[in-house]
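The structure appears below as C-alpha cells.
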Amino acid sequence: MATKNRRVLLLTFLMLLTSMVACHRRESREIRIGALLPLSGGGANYGKSLQQGLELALEDINGSGGINGKQFKIIYEDSQGDAKTGISGFNKLVSVDNVPVVVASISSVVLAVAPIADQQHIVLINSSAMSPKICDEATTYLFSFMVSGSDEAQFMARTFAKQHGNEPIAVLYSNNSSGVDTKSTFISDLNVSGGRLAIAEAYDLGTSDFRTQLTKIKASRARYGYLLAFSSSEFAQILRQSKELGLSIQWYSYSGFETRDTLSLAGSSADGMIYSYPSYLGRDTAMAEFQQRFRSKYNSVPDIYTATSYDALKAIANAIARNNDLSPDDIRASLKTSDYTGLFGRTSFGVHQCVARQLMWKNVKGGEFNTASDQNGGQ
C-alpha cells in the first residue's frame, strides 16, 4: 500500500512538473501587456475603439513574427471608467499577470493609477485620456500617446481670438476631470489672447437633458460655442437639442468628437461642427491605409482612440525590440528615446512624457468627417 502511494505521489509530482515546464515554455514565448479599458459603463464605446486599435496592432506585430520570436498577448481588465475599479484592475495585472506595461484610458483612471505605477515601477501608457493634468504627471513611468487637452484648448482659444476678435464664446463642458481641466485652460488662454467668454455651463456625466444649460447659452446671445462633452451620446444629445431649441450657434469641439457613434446618433445635427485634431498631414497615405484596413476588419469607421491605441502598442513593441528586454525600466528608457513613426508622424517625448503634435481643423459635412480646407477653423 505504501509503495502504491509513493507511486501515485511520484506520478502526481511528475505531472505537475511537466505542466509547470510547459507553462514556462509557453510564457517564455509570450510578451504579455496589460490593457485597462472601460469595457462597460458610460465610456464603453471608447473602450471598444481602444480595444479594436490594440487588436489591429497586435495582428501586425504577431503577423510579422512577433518581437524577437515572441508573440504579443494583451490581457484586458475592465475599469468601467471608474478610478477605484481601475486601481483594482491595475493591481491585478501587475501582481497576478506580471505585466511590465499597462495601456490605460479615461482621465480619472489614469490619474489614479499613475502614482501606483511609479511606486511599482510599471510603465503606464495613456492612449486616449485628455486631462491637462496627465501630461503634468507624465515624468516617471507614465507616457501619454494622446495629445493633451490643454494643447487642444490653447489651439482653440488662440485661433478663435485671432479670427473672431472680441466676439464672445460660450463653453459647455462635462463635470469630470477632463472637462473641467480643459475648460479652465481654454478660458485662461482665451483671456490672454484677448477673447471674451460669454458663459460657461457644466453638466454631470450621464445627463440626457441639456435644455437648461442650452437655454442659458441661448440667452447669452453667443453665436459661437466650445463643446467639451464626454461621450458620443452626450455630444449627439447636445447637438440635437440645440437644433430643437432653435439655438443658432457655431459649435467647435476637440478631437474626442470624432467617433463613429457620434455621427450615427447625432445624424444631420452634427453637420457644421468644427473640431481640432492631431495633424497627420504628410502621413496621409499611412492613415488612409489604416482606415481601409479597419473598415475591412470591423465594417466601421476608426476614430482617434483607435488610431492612438494602435500607435501606442506599435511603439511599445518597437521599444522592446530595440533593447530586447522586458524589464519596465529598460522599456521606459527605450520609450524616452523613441524612434517610432506612426500614423501621426514621429513619436517623441520631452521632459514631460507626452507626445507633441501639431493640430489641424476638421469638420462634418454631409454626415462625413472631413479635413477643413480652411485651417484657420473652417470659417
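The chains in the C-alpha cells are called A, B, ... from first to last as shown; in each chain the residues are counted from 1, and the ligands are counted from 1 in the order shown.
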List every residue of segment 127-148 of chain A that has an atom at most 12 Å from any atom of segment 236-254 of chain A, and for each one report the closest atom pair and its distance in Å to one decimal, counting only C-alpha atoms, with rows sorted by chain and then by increasing residue number, as CSV.
```
residue,atom,partner,partner_atom,distance
A:Met130,CA,A:Tyr254,CA,10.0
A:Val147,CA,A:Tyr254,CA,10.6
A:Ser148,CA,A:Tyr254,CA,10.7
```
Dump as CSV the rows for residues of segment 137-212 of chain A within 9 Å of segment 348-353 of chain A: closest atom pair and distance in Å with one decimal, only C-alpha atoms counted, ordered by chain and rising residue number.
```
residue,atom,partner,partner_atom,distance
A:Glu137,CA,A:His352,CA,7.5
A:Ala138,CA,A:Gln353,CA,5.0
A:Thr139,CA,A:His352,CA,5.0
A:Thr140,CA,A:Gln353,CA,8.0
A:Tyr141,CA,A:Gln353,CA,8.7
A:Leu142,CA,A:Gln353,CA,7.0
A:Phe143,CA,A:Gln353,CA,5.0
A:Ser144,CA,A:Gln353,CA,6.3
A:Phe145,CA,A:Gln353,CA,8.7
```
| said: Taking 3 positions as the minimum chain separation for residues in the same chain, which residues sit within 7 Å of segment 333-340 of chain A when counting only C-alpha atoms? Answer as a ChimeraX atom specification. | reply: /A:315,318-319,329-330,346-349
If you count only C-alpha atoms, which residues fall within 6 Å of segment 293-307 of chain A, apart from same-chain ones fewer than 6 positions away, as a PDB file with N, CA and C atoms, in the first residue's frame?
```
ATOM      1  N   SER A  49     -13.383  51.101 -29.043  1.00  0.00           N
ATOM      2  CA  SER A  49     -12.483  51.685 -30.042  1.00  0.00           C
ATOM      3  C   SER A  49     -11.030  51.409 -29.703  1.00  0.00           C
ATOM      4  N   LEU A  50     -10.673  51.592 -28.433  1.00  0.00           N
ATOM      5  CA  LEU A  50      -9.308  51.337 -27.986  1.00  0.00           C
ATOM      6  C   LEU A  50      -8.931  49.884 -28.190  1.00  0.00           C
ATOM      7  N   GLY A  53      -8.277  49.096 -31.838  1.00  0.00           N
ATOM      8  CA  GLY A  53      -6.978  49.605 -32.275  1.00  0.00           C
ATOM      9  C   GLY A  53      -5.839  48.729 -31.794  1.00  0.00           C
ATOM     10  N   SER A 128      -5.571  57.548 -24.576  1.00  0.00           N
ATOM     11  CA  SER A 128      -6.741  58.314 -25.016  1.00  0.00           C
ATOM     12  C   SER A 128      -7.163  59.444 -24.088  1.00  0.00           C
ATOM     13  N   GLU A 258     -14.733  63.060 -32.751  1.00  0.00           N
ATOM     14  CA  GLU A 258     -14.724  62.201 -33.933  1.00  0.00           C
ATOM     15  C   GLU A 258     -14.809  60.723 -33.558  1.00  0.00           C
ATOM     16  N   THR A 259     -16.027  60.253 -33.371  1.00  0.00           N
ATOM     17  CA  THR A 259     -16.270  58.815 -33.201  1.00  0.00           C
ATOM     18  C   THR A 259     -17.406  58.417 -34.124  1.00  0.00           C
ATOM     19  N   ARG A 260     -17.420  57.169 -34.511  1.00  0.00           N
ATOM     20  CA  ARG A 260     -18.471  56.670 -35.407  1.00  0.00           C
ATOM     21  C   ARG A 260     -19.852  56.776 -34.744  1.00  0.00           C
TER      22      ARG A 260
END
```
| request: Assign secondary structure with DSSP using the backbone only, and return the residues of segment 52-178 of chain A in strand (DSSP E or B) as a VMD selection string. | output: chain A and resid 67 70 to 78 101 to 104 123 to 126 142 to 144 168 to 174
